[in-house]
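File shown: protein_0.cif. Contents: mmCIF, C-alpha atoms.
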```cif
data_data
#
loop_
_atom_site.label_atom_id
_atom_site.label_comp_id
_atom_site.auth_asym_id
_atom_site.auth_seq_id
_atom_site.Cartn_x
_atom_site.Cartn_y
_atom_site.Cartn_z
CA MET X 1 81.34 146.18 161.98
CA LYS X 2 84.16 148.68 162.48
CA ILE X 3 83.44 152.22 161.31
CA LEU X 4 86.09 152.26 158.54
CA GLU X 5 86.29 148.54 157.84
CA GLY X 6 87.19 147.93 154.19
CA LEU X 7 89.23 151.14 153.84
CA ARG X 8 92.85 150.53 152.77
CA VAL X 9 95.38 153.15 153.89
CA ILE X 10 99.05 153.35 152.90
CA ASP X 11 101.05 155.08 155.64
CA ALA X 12 104.26 156.33 154.05
CA GLY X 13 104.67 158.85 156.87
CA GLN X 14 107.46 159.07 159.38
CA PHE X 15 107.86 160.24 162.97
CA ASN X 16 104.64 161.98 164.09
CA ALA X 17 102.60 164.25 161.80
CA GLY X 18 101.78 161.65 159.14
CA PRO X 19 101.55 158.55 161.33
CA ILE X 20 99.18 160.13 163.84
CA ALA X 21 96.57 160.62 161.11
CA SER X 22 96.78 156.95 160.14
CA LEU X 23 96.76 155.93 163.82
CA TYR X 24 93.18 157.15 164.12
CA LEU X 25 92.19 155.61 160.79
CA ALA X 26 93.54 152.27 162.07
CA GLY X 27 91.71 152.71 165.37
CA TYR X 28 88.45 153.21 163.50
CA GLY X 29 88.91 149.98 161.57
CA ALA X 30 90.87 150.82 158.40
CA ASP X 31 93.56 148.42 157.19
CA VAL X 32 96.66 150.59 157.52
CA VAL X 33 99.83 149.37 155.81
CA LYS X 34 102.90 151.04 157.27
CA ILE X 35 105.70 151.58 154.74
CA GLU X 36 109.17 151.41 156.29
CA ARG X 37 112.60 151.40 154.74
CA PRO X 38 114.52 148.11 155.16
CA GLY X 39 115.70 148.12 158.75
CA GLY X 40 112.74 150.15 159.96
CA GLU X 41 111.59 153.76 160.16
CA ASP X 42 114.01 156.21 161.83
CA SER X 43 111.60 156.88 164.70
CA ARG X 44 112.24 153.32 165.96
CA ALA X 45 115.56 154.71 167.25
CA ILE X 46 113.84 157.15 169.64
CA GLY X 47 113.53 156.02 173.25
CA PRO X 48 112.79 155.24 175.92
CA PHE X 49 112.94 151.55 175.04
CA ARG X 50 111.43 148.46 176.58
CA GLY X 51 112.07 144.98 175.29
CA GLY X 52 114.20 146.60 172.59
CA GLU X 53 111.19 148.49 171.21
CA SER X 54 110.78 152.26 170.90
CA SER X 55 107.98 153.68 173.03
CA TYR X 56 107.76 156.60 170.60
CA PHE X 57 107.16 154.34 167.60
CA MET X 58 104.79 152.05 169.49
CA SER X 59 102.58 154.92 170.61
CA LEU X 60 102.02 156.23 167.07
CA ASN X 61 101.80 153.04 165.05
CA ARG X 62 99.36 150.84 166.93
CA GLY X 63 97.05 148.67 164.87
CA LYS X 64 99.04 148.92 161.62
CA ARG X 65 100.71 146.30 159.45
CA SER X 66 104.34 146.87 158.46
CA ILE X 67 106.04 146.20 155.12
CA THR X 68 109.60 147.23 154.32
CA VAL X 69 110.06 148.83 150.91
CA ASN X 70 113.18 150.35 149.35
CA LEU X 71 111.80 153.21 147.27
CA LYS X 72 115.23 153.79 145.72
CA SER X 73 115.04 150.46 143.92
CA PRO X 74 112.90 149.72 140.83
CA GLY X 75 111.42 146.65 142.49
CA GLY X 76 110.53 148.62 145.62
CA CYS X 77 108.88 151.37 143.59
CA GLU X 78 106.80 148.79 141.75
CA VAL X 79 105.67 147.26 145.06
CA PHE X 80 104.70 150.72 146.27
CA LYS X 81 102.72 151.49 143.11
CA ARG X 82 100.97 148.14 143.28
CA LEU X 83 99.97 148.93 146.86
CA ALA X 84 98.69 152.36 145.79
CA ARG X 85 96.57 150.89 142.99
CA GLY X 86 94.39 149.13 145.52
CA ALA X 87 94.44 151.80 148.24
CA ASP X 88 91.85 154.38 149.22
CA VAL X 89 94.21 156.74 151.05
CA LEU X 90 97.94 157.44 151.06
CA ILE X 91 99.63 159.55 153.73
CA GLU X 92 103.16 160.99 153.61
CA ASN X 93 105.06 163.80 155.31
CA TYR X 94 108.32 164.00 153.40
CA MET X 95 109.68 167.35 152.27
CA PRO X 96 107.84 168.65 149.18
CA GLY X 97 109.23 167.08 146.02
CA VAL X 98 110.79 163.98 147.59
CA MET X 99 108.01 161.60 146.56
CA ASP X 100 107.97 163.09 143.05
CA ARG X 101 111.71 162.49 142.67
CA LEU X 102 111.18 158.88 143.71
CA GLY X 103 108.48 158.49 141.05
CA VAL X 104 105.65 157.92 143.54
CA GLY X 105 104.27 161.44 144.00
CA TRP X 106 100.69 162.63 143.51
CA GLU X 107 100.75 162.82 139.71
CA ALA X 108 102.23 159.36 139.27
CA LEU X 109 99.94 157.68 141.76
CA HIS X 110 96.83 159.52 140.58
CA ALA X 111 97.51 158.08 137.12
CA GLU X 112 97.74 154.62 138.67
CA ASN X 113 94.62 155.07 140.83
CA PRO X 114 92.29 158.01 140.07
CA ARG X 115 90.25 157.27 143.22
CA LEU X 116 93.24 157.63 145.55
CA ILE X 117 93.12 160.29 148.29
CA TYR X 118 96.72 161.52 148.60
CA GLY X 119 97.32 163.22 151.97
CA ALA X 120 100.55 165.11 152.63
CA VAL X 121 101.88 167.13 155.56
CA SER X 122 104.54 169.74 154.80
CA GLY X 123 106.40 172.10 157.09
CA PHE X 124 105.96 175.51 155.50
CA GLY X 125 103.44 174.61 152.79
CA THR X 126 104.10 173.56 149.22
CA GLY X 127 104.13 176.86 147.36
CA GLY X 128 105.52 179.56 149.64
CA ALA X 129 109.02 180.87 150.15
CA GLY X 130 109.71 178.34 152.90
CA ALA X 131 108.58 175.23 151.01
CA ALA X 132 112.10 173.81 150.79
CA ARG X 133 112.90 174.33 154.49
CA PRO X 134 113.24 171.26 156.72
CA ALA X 135 110.57 171.17 159.42
CA PHE X 136 110.33 169.79 162.93
CA ASP X 137 107.71 170.40 165.59
CA SER X 138 109.75 172.73 167.81
CA LEU X 139 111.06 174.60 164.77
CA LEU X 140 107.48 175.34 163.72
CA GLN X 141 106.54 176.31 167.27
CA ALA X 142 109.27 178.93 166.91
CA ALA X 143 108.53 180.02 163.33
CA GLY X 144 104.74 180.12 163.82
CA GLY X 145 104.81 182.22 167.00
CA LEU X 146 103.70 179.59 169.51
CA ILE X 147 106.86 179.79 171.62
CA SER X 148 106.42 183.58 171.87
CA VAL X 149 103.24 183.15 173.93
CA THR X 150 104.33 180.15 176.00
CA GLY X 151 106.02 180.30 179.40
CA PRO X 152 106.02 182.52 182.49
CA VAL X 153 105.42 186.27 182.34
CA GLY X 154 108.77 187.97 181.82
CA GLY X 155 110.55 184.63 181.64
CA PRO X 156 112.54 182.92 178.88
CA PRO X 157 110.79 181.40 175.85
CA VAL X 158 109.39 177.92 176.43
CA ARG X 159 108.31 175.28 173.89
CA ALA X 160 105.08 173.40 174.50
CA GLY X 161 105.69 170.20 176.43
CA VAL X 162 104.29 167.97 173.68
CA SER X 163 104.68 167.83 169.89
CA ILE X 164 101.56 169.93 169.52
CA VAL X 165 102.29 171.14 165.97
CA ASP X 166 102.91 167.61 164.70
CA ILE X 167 99.74 166.38 166.37
CA THR X 168 97.45 169.17 165.19
CA SER X 169 98.89 169.04 161.66
CA GLY X 170 98.13 165.33 161.54
CA LEU X 171 94.62 165.88 162.84
CA PHE X 172 93.98 168.67 160.31
CA LEU X 173 95.17 166.26 157.63
CA LEU X 174 92.83 163.59 158.98
CA SER X 175 89.93 166.04 158.76
CA GLY X 176 90.82 166.84 155.16
CA ILE X 177 91.15 163.17 154.22
CA LEU X 178 87.73 162.31 155.65
CA SER X 179 86.22 165.27 153.76
CA ALA X 180 87.92 164.09 150.56
CA LEU X 181 86.52 160.59 151.04
CA TRP X 182 83.02 162.05 151.31
CA ARG X 183 83.66 164.08 148.13
CA ARG X 184 84.79 160.89 146.40
CA GLU X 185 81.50 159.23 147.33
CA ARG X 186 79.74 161.84 145.20
CA THR X 187 82.24 162.32 142.38
CA GLY X 188 84.17 159.04 142.18
CA GLU X 189 87.41 161.05 142.01
CA GLY X 190 90.32 161.12 144.38
CA CYS X 191 92.23 164.28 145.17
CA ARG X 192 95.31 165.60 146.89
CA VAL X 193 94.98 166.95 150.45
CA ASP X 194 97.79 169.10 151.89
CA ALA X 195 98.24 170.16 155.51
CA SER X 196 100.83 172.79 156.42
CA MET X 197 102.50 172.67 159.83
CA LEU X 198 103.00 176.44 159.67
CA ALA X 199 99.32 177.06 158.91
CA SER X 200 98.34 174.57 161.62
CA THR X 201 100.43 176.50 164.15
CA VAL X 202 98.77 179.77 163.18
CA ASN X 203 95.33 178.18 163.44
CA ILE X 204 95.86 176.97 167.01
CA MET X 205 97.08 180.48 167.92
CA GLU X 206 93.52 181.73 167.48
CA ASN X 207 93.40 184.10 170.48
CA PRO X 208 96.86 185.70 170.11
CA VAL X 209 96.31 186.18 166.37
CA ALA X 210 92.88 187.73 166.89
CA ARG X 211 94.14 190.01 169.66
CA HIS X 212 96.95 191.29 167.48
CA SER X 213 94.69 191.70 164.44
CA PHE X 214 92.10 193.76 166.31
CA THR X 215 94.27 195.68 168.80
CA GLY X 216 97.78 195.80 167.35
CA GLU X 217 99.09 194.36 170.62
CA VAL X 218 101.86 191.77 170.30
CA PRO X 219 100.91 189.02 172.79
CA GLY X 220 103.56 187.58 175.07
CA PRO X 221 103.72 184.73 177.59
CA GLU X 222 101.02 184.75 180.26
CA GLY X 223 102.15 181.82 182.41
CA LEU X 224 99.15 180.00 183.84
CA SER X 225 96.84 182.99 183.44
CA HIS X 226 94.46 183.80 180.61
CA PRO X 227 95.09 187.20 179.03
CA VAL X 228 91.44 188.23 178.63
CA VAL X 229 89.48 186.16 181.20
CA SER X 230 89.66 186.30 185.01
CA PRO X 231 89.86 184.44 187.33
CA PHE X 232 91.41 181.90 184.99
CA SER X 233 94.73 180.66 186.35
CA GLY X 234 96.52 178.56 188.94
CA TYR X 235 96.06 179.79 192.51
CA ARG X 236 98.02 178.87 195.61
CA THR X 237 96.46 176.50 198.13
CA ARG X 238 97.87 175.18 201.39
CA ASP X 239 99.98 172.56 199.59
CA GLY X 240 100.32 173.68 195.99
CA LEU X 241 98.15 175.06 193.20
CA ILE X 242 94.58 174.64 192.03
CA PHE X 243 93.46 175.74 188.57
CA VAL X 244 90.33 177.90 188.56
CA ALA X 245 88.65 178.42 185.18
CA ILE X 246 85.83 180.98 185.34
CA SER X 247 84.48 181.79 181.90
CA ASN X 248 81.67 184.24 182.76
CA THR X 249 80.12 186.26 185.56
CA ASN X 250 77.54 183.61 186.47
CA ARG X 251 80.33 181.11 187.10
CA TYR X 252 82.18 183.79 189.10
CA ARG X 253 79.16 184.18 191.36
CA VAL X 254 79.01 180.41 191.87
CA LEU X 255 82.71 180.47 192.86
CA VAL X 256 82.50 183.27 195.41
CA GLU X 257 79.25 181.91 196.92
CA ALA X 258 80.89 178.50 197.34
CA LEU X 259 83.88 180.16 199.01
CA GLY X 260 81.57 181.92 201.45
CA ARG X 261 82.39 185.34 200.04
CA GLY X 262 79.24 186.16 198.10
CA GLY X 263 79.81 189.87 198.71
CA LEU X 264 82.65 189.79 196.17
CA ALA X 265 80.03 189.52 193.44
CA ALA X 266 78.98 193.09 194.21
CA ASP X 267 82.51 194.49 194.50
CA PRO X 268 82.78 196.98 191.58
CA ARG X 269 86.39 195.90 190.98
CA PHE X 270 85.22 192.41 190.09
CA ALA X 271 81.65 192.92 188.88
CA GLU X 272 82.16 191.82 185.25
CA ASN X 273 84.95 190.09 183.36
CA ARG X 274 86.42 193.35 182.05
CA GLU X 275 86.83 194.69 185.58
CA ARG X 276 88.18 191.35 186.82
CA VAL X 277 90.84 191.35 184.10
CA GLU X 278 91.82 194.94 184.92
CA ASN X 279 92.07 194.06 188.63
CA ASP X 280 93.37 190.52 188.23
CA GLY X 281 96.19 190.99 190.74
CA ALA X 282 93.86 192.25 193.45
CA LEU X 283 91.43 189.41 192.79
CA ARG X 284 94.27 186.90 193.03
CA GLU X 285 95.22 188.21 196.48
CA VAL X 286 91.63 187.87 197.70
CA LEU X 287 91.18 184.35 196.31
CA GLU X 288 94.53 183.01 197.50
CA GLU X 289 93.91 184.33 201.01
CA ILE X 290 90.90 181.99 201.08
CA LEU X 291 92.33 179.09 199.08
CA LYS X 292 95.45 178.79 201.26
CA GLU X 293 93.22 177.60 204.09
CA ARG X 294 92.87 174.11 202.56
CA THR X 295 94.82 171.67 200.40
CA THR X 296 94.21 171.31 196.69
CA ALA X 297 92.54 167.91 197.18
CA GLU X 298 90.26 169.33 199.87
CA TRP X 299 89.21 172.20 197.61
CA GLU X 300 88.51 169.83 194.72
CA ALA X 301 86.34 167.65 196.93
CA PHE X 302 84.49 170.72 198.24
CA LEU X 303 84.11 172.88 195.13
CA ILE X 304 83.50 170.45 192.26
CA PRO X 305 80.17 169.15 193.68
CA LYS X 306 79.04 172.77 193.96
CA GLY X 307 79.54 173.30 190.23
CA VAL X 308 82.76 175.29 190.50
CA THR X 309 85.13 174.73 187.55
CA VAL X 310 88.43 173.84 189.24
CA SER X 311 91.06 171.13 188.95
CA ALA X 312 94.31 170.03 190.42
CA ILE X 313 97.25 170.38 188.02
CA ASN X 314 97.84 166.67 187.49
CA ASP X 315 100.94 164.93 186.25
CA VAL X 316 100.67 161.99 183.86
CA ALA X 317 100.62 159.39 186.65
CA GLN X 318 97.79 161.24 188.38
CA VAL X 319 95.79 161.48 185.14
CA LYS X 320 96.06 157.71 184.68
CA GLU X 321 94.92 157.14 188.24
CA GLN X 322 92.05 159.66 188.17
CA PHE X 323 90.75 159.11 184.63
CA PRO X 324 91.54 155.48 183.64
CA GLU X 325 88.62 155.41 181.21
CA VAL X 326 90.52 157.47 178.62
CA PHE X 327 93.36 154.95 178.38
CA VAL X 328 93.63 151.46 176.92
CA GLU X 329 96.06 148.70 177.76
CA VAL X 330 98.24 147.77 174.80
CA ASP X 331 100.12 144.49 175.18
CA HIS X 332 103.14 144.41 172.88
CA PRO X 333 104.71 140.98 172.31
CA ALA X 334 108.23 142.33 173.01
CA ALA X 335 107.66 145.36 175.22
CA GLY X 336 104.81 144.00 177.30
CA PRO X 337 101.72 145.87 178.53
CA ALA X 338 101.39 149.66 178.75
CA LEU X 339 98.59 152.17 179.18
CA LEU X 340 98.29 154.41 176.13
CA PRO X 341 95.65 156.93 175.00
CA GLY X 342 92.35 155.41 173.89
CA SER X 343 89.90 156.80 171.36
CA PRO X 344 89.04 160.47 171.96
CA VAL X 345 85.64 160.02 170.30
CA ALA X 346 82.78 157.55 170.66
CA PHE X 347 79.83 156.81 168.42
CA GLY X 348 76.27 156.20 169.47
CA GLY X 349 75.87 158.43 172.52
CA PRO X 350 76.03 157.42 176.19
CA THR X 351 75.27 153.78 175.38
CA ARG X 352 78.35 153.71 173.11
CA ALA X 353 76.42 151.69 170.53
CA PHE X 354 79.35 152.09 168.15
CA GLY X 355 82.03 152.13 170.83
CA GLY X 356 83.86 149.18 172.34
CA ASP X 357 84.64 146.62 169.66
CA GLU X 358 84.08 149.10 166.84
CA LEU X 359 86.91 151.38 167.98
CA ASP X 360 90.13 149.51 168.69
CA PHE X 361 93.17 151.41 169.92
CA SER X 362 94.58 148.45 171.84
CA ARG X 363 96.33 146.59 169.00
CA PRO X 364 100.13 146.84 169.36
CA ALA X 365 102.50 148.36 166.81
CA PRO X 366 104.16 145.93 164.39
CA SER X 367 107.82 145.03 164.22
CA ALA X 368 109.65 146.38 161.17
CA GLY X 369 108.56 144.43 158.09
CA GLN X 370 106.46 142.04 160.16
CA HIS X 371 103.82 141.73 157.43
CA THR X 372 105.99 142.09 154.33
CA GLY X 373 105.44 138.57 152.99
CA GLU X 374 101.75 138.62 153.88
CA ILE X 375 101.12 141.92 152.09
CA LEU X 376 103.16 140.98 149.03
CA ALA X 377 101.13 137.78 148.73
CA GLU X 378 97.93 139.85 148.90
CA LEU X 379 99.29 141.94 146.02
CA GLY X 380 99.63 138.80 143.90
CA TYR X 381 103.38 138.21 144.16
CA PRO X 382 104.18 134.48 144.00
CA PRO X 383 106.58 133.02 146.59
CA ASP X 384 109.60 132.98 144.25
CA GLU X 385 109.18 136.68 143.38
CA ILE X 386 108.78 137.56 147.06
CA GLU X 387 112.06 135.79 147.74
CA GLU X 388 113.73 137.63 144.87
CA LEU X 389 112.49 140.99 146.11
CA GLY X 390 113.99 140.26 149.51
CA GLU X 391 117.31 139.10 148.10
CA SER X 392 117.57 142.19 145.86
CA GLY X 393 116.97 144.59 148.76
CA ALA X 394 113.74 145.90 147.27
CA VAL X 395 111.81 144.93 150.42
#
```

Represent the structure from my file as structure tokens, please.
Amino acid sequence: MKILEGLRVIDAGQFNAGPIASLYLAGYGADVVKIERPGGEDSRAIGPFRGGESSYFMSLNRGKRSITVNLKSPGGCEVFKRLARGADVLIENYMPGVMDRLGVGWEALHAENPRLIYGAVSGFGTGGAGAARPAFDSLLQAAGGLISVTGPVGGPPVRAGVSIVDITSGLFLLSGILSALWRRERTGEGCRVDASMLASTVNIMENPVARHSFTGEVPGPEGLSHPVVSPFSGYRTRDGLIFVAISNTNRYRVLVEALGRGGLAADPRFAENRERVENDGALREVLEEILKERTTAEWEAFLIPKGVTVSAINDVAQVKEQFPEVFVEVDHPAAGPALLPGSPVAFGGPTRAFGGDELDFSRPAPSAGQHTGEILAELGYPPDEIEELGESGAV
């Protein structure tokens, strides 16, 4: 039995922040119905493409069923409401007020289904001064301060290399939805769950926010280095860089002993983390003098077995080669096979008693409207009405 088997989810989200929450619900066994406008969701136009299919859309919409619905038509709105009547969860990430204007917002759907969990992602929240502002991941990286602490020291501002605000907002929403489902088990009542991209950005800025709050310092970019821990950065080797992550003095002693320089543990400049941070430049010179004697791969092979926390700075191809267990092969009927991220969690401990078949992230994304007729039939529409809905442009 899949973990969330029997749960019906309506995914009215678009692009990333909404769909990523339903991606995990689908992976854990929920029946996720993807709502798309006739012609398909806009993210299907984002490449790169293979077999005419968008890699962006395919990565975020695996394991879902797709129905096309025109929410600007009375027939489409009725289909949507009928779907919501039998659903456990609805997810959307339109600008605040859009769903209400279409007649399918929280109040309307709660009246149709009091047990419904209504999950929404907004850019700047629903009640603040910025509620009406359009929101995109990079825009929120800028507005929420993330870009200000990303990039090389003294260099130009740099956005994070992934849609980290979209992803974390979707995961915060997922957490709220699962909490609301547990609440519903006790009360029988659904509720609305809102996740703010702005608040999500601030939450993942935990260290810069805390530093500013307690010291008044305005944090800036630190490059590869950690602002308050040392040695914690990329260090030059014979052929590139190796990342060394030393979180405490015991780990520092393990590092210098493994490097054959145990005396550095007694050097007053580097005795404790505070001193190492104050003398980070001097410590870097000492470490790189040693590390440049071997290649990154040689240091990994030598240091990791000794318990030293180091890693090469891998690219995506190297991650796939080194850690294949965190990927799954997804075979799309049009695009063919591809390795995509698997489940980040497992149930049941090392034996994975609830892993394997219970968590399925290998089902491909649907084509636009692939399941429209099937889902309408499940809702009780007879064949002639399904045909009429299609001819009228409602689906």

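The spacing separating atom CA of Arg238 of chain X from atom CA of Arg294 of chain X amounts to 5.2 Å.
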
Between segment 41-120 of chain X and segment 361-370 of chain X, at 10 Å or less, what are the per-residue closest atom pairs and their distances in Å? Count only C-alpha atoms, order by chain and rising residue number, and return it as JSON lines.
```
{"residue": "X:Glu41", "atom": "CA", "partner": "X:Ala368", "partner_atom": "CA", "distance": 7.7}
{"residue": "X:Arg44", "atom": "CA", "partner": "X:Ala368", "partner_atom": "CA", "distance": 8.8}
{"residue": "X:Glu53", "atom": "CA", "partner": "X:Ser367", "partner_atom": "CA", "distance": 8.5}
{"residue": "X:Ser55", "atom": "CA", "partner": "X:Ala365", "partner_atom": "CA", "distance": 9.8}
{"residue": "X:Phe57", "atom": "CA", "partner": "X:Ala365", "partner_atom": "CA", "distance": 7.6}
{"residue": "X:Met58", "atom": "CA", "partner": "X:Ala365", "partner_atom": "CA", "distance": 5.1}
{"residue": "X:Ser59", "atom": "CA", "partner": "X:Ala365", "partner_atom": "CA", "distance": 7.6}
{"residue": "X:Leu60", "atom": "CA", "partner": "X:Ala365", "partner_atom": "CA", "distance": 7.9}
{"residue": "X:Asn61", "atom": "CA", "partner": "X:Ala365", "partner_atom": "CA", "distance": 5.0}
{"residue": "X:Arg62", "atom": "CA", "partner": "X:Ala365", "partner_atom": "CA", "distance": 4.0}
{"residue": "X:Gly63", "atom": "CA", "partner": "X:Arg363", "partner_atom": "CA", "distance": 4.7}
{"residue": "X:Lys64", "atom": "CA", "partner": "X:Ala365", "partner_atom": "CA", "distance": 6.3}
{"residue": "X:Arg65", "atom": "CA", "partner": "X:Pro366", "partner_atom": "CA", "distance": 6.0}
{"residue": "X:Ser66", "atom": "CA", "partner": "X:Gly369", "partner_atom": "CA", "distance": 4.9}
{"residue": "X:Ile67", "atom": "CA", "partner": "X:Gly369", "partner_atom": "CA", "distance": 4.3}
{"residue": "X:Thr68", "atom": "CA", "partner": "X:Gly369", "partner_atom": "CA", "distance": 4.8}
{"residue": "X:Val69", "atom": "CA", "partner": "X:Gly369", "partner_atom": "CA", "distance": 8.6}
```

Using the chain letters and numbers from this file, what does the PyMOL selection byres ((chain X and resi 124) around 10) select? Give the answer as a VMD selection string.
chain X and resid 95 to 96 121 to 123 125 to 135 140 143 to 144 195 to 200

Counting all atoms listed in the file, the residue of X:Ala111, X:Ser54, X:Gly223, X:Asp239 that sits nearest Gly154 of chain X:
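Using all atoms listed in the file, the shortest distance to Gly154 of chain X belongs to X:Gly223.
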
Care to translate the PyMOL selection byres ((chain X and resi 176-180) around 12) into actual residues of this file, as a VMD selection string?
chain X and resid 4 7 9 18 21 to 22 24 to 25 88 to 91 115 to 121 169 to 175 181 to 196

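Note that the spacing between atom CA of Ile10 of chain X and atom CA of Val33 of chain X amounts to 5.0 Å.
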
Which polymer residues have any atom within 12 Å of an atom of Ala142 of chain X, counting only C-alpha atoms, with same-chain residues fewer than 5 positions away left out, as a ChimeraX atom specification?
/X:135-137,147-150,157-160,165,197-198,201-202

Considering all atoms listed in the file, can you say which of X:Thr249, X:Ala84, X:Ala30, X:Ala334 comes closest to Leu264 of chain X?
X:Thr249

What is the atom CA of Phe270 of chain X-atom CA of Ser225 of chain X distance in Å, reported with one decimal?
16.4 Å

Shell of 8 Å around Ala335 of chain X, all atoms listed in the file, local chain residues under 4 positions omitted, as an mmCIF file with C-alpha atoms, in the frame of the given file:
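Okay, this is what ended up in part-v1.cif:
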```cif
data_model
loop_
_atom_site.group_PDB
_atom_site.id
_atom_site.type_symbol
_atom_site.label_atom_id
_atom_site.label_comp_id
_atom_site.auth_asym_id
_atom_site.auth_seq_id
_atom_site.Cartn_x
_atom_site.Cartn_y
_atom_site.Cartn_z
ATOM 1 C CA ARG X 50 111.430 148.460 176.580
ATOM 2 C CA GLY X 51 112.070 144.980 175.290
ATOM 3 C CA GLY X 52 114.200 146.600 172.590
ATOM 4 C CA GLU X 53 111.190 148.490 171.210
ATOM 5 C CA ASP X 331 100.120 144.490 175.180
#
```

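If you measure from each of X:Lys34, X:His212, X:Lys292, X:Lys306 to Arg251 of chain X using all atoms listed in the file, the closest one turns out to be X:Lys306.
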
Just the residues within 12 Å of Leu376 of chain X, please, counting only C-alpha atoms, with nothing from its chain fewer than 4 positions along; format it as a PyMOL selection string.
chain X and resi 33+65-69+75-76+78-80+82-83+369-372+380-390+394-395

Using the chain letters and residue numbers of this document, give as a ChimeraX atom specification the residues selected by the PyMOL selection byres ((chain X and resi 97-103) around 10).
/X:12,71-74,77-78,81,92-96,104-109,126,131-132

For Pro208 of chain X, the nearest of the candidates X:Ile20, X:Leu259, X:Val153, X:Leu146, counting only C-alpha atoms:
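Using only C-alpha atoms, Pro208 of chain X sits closest to X:Leu146.
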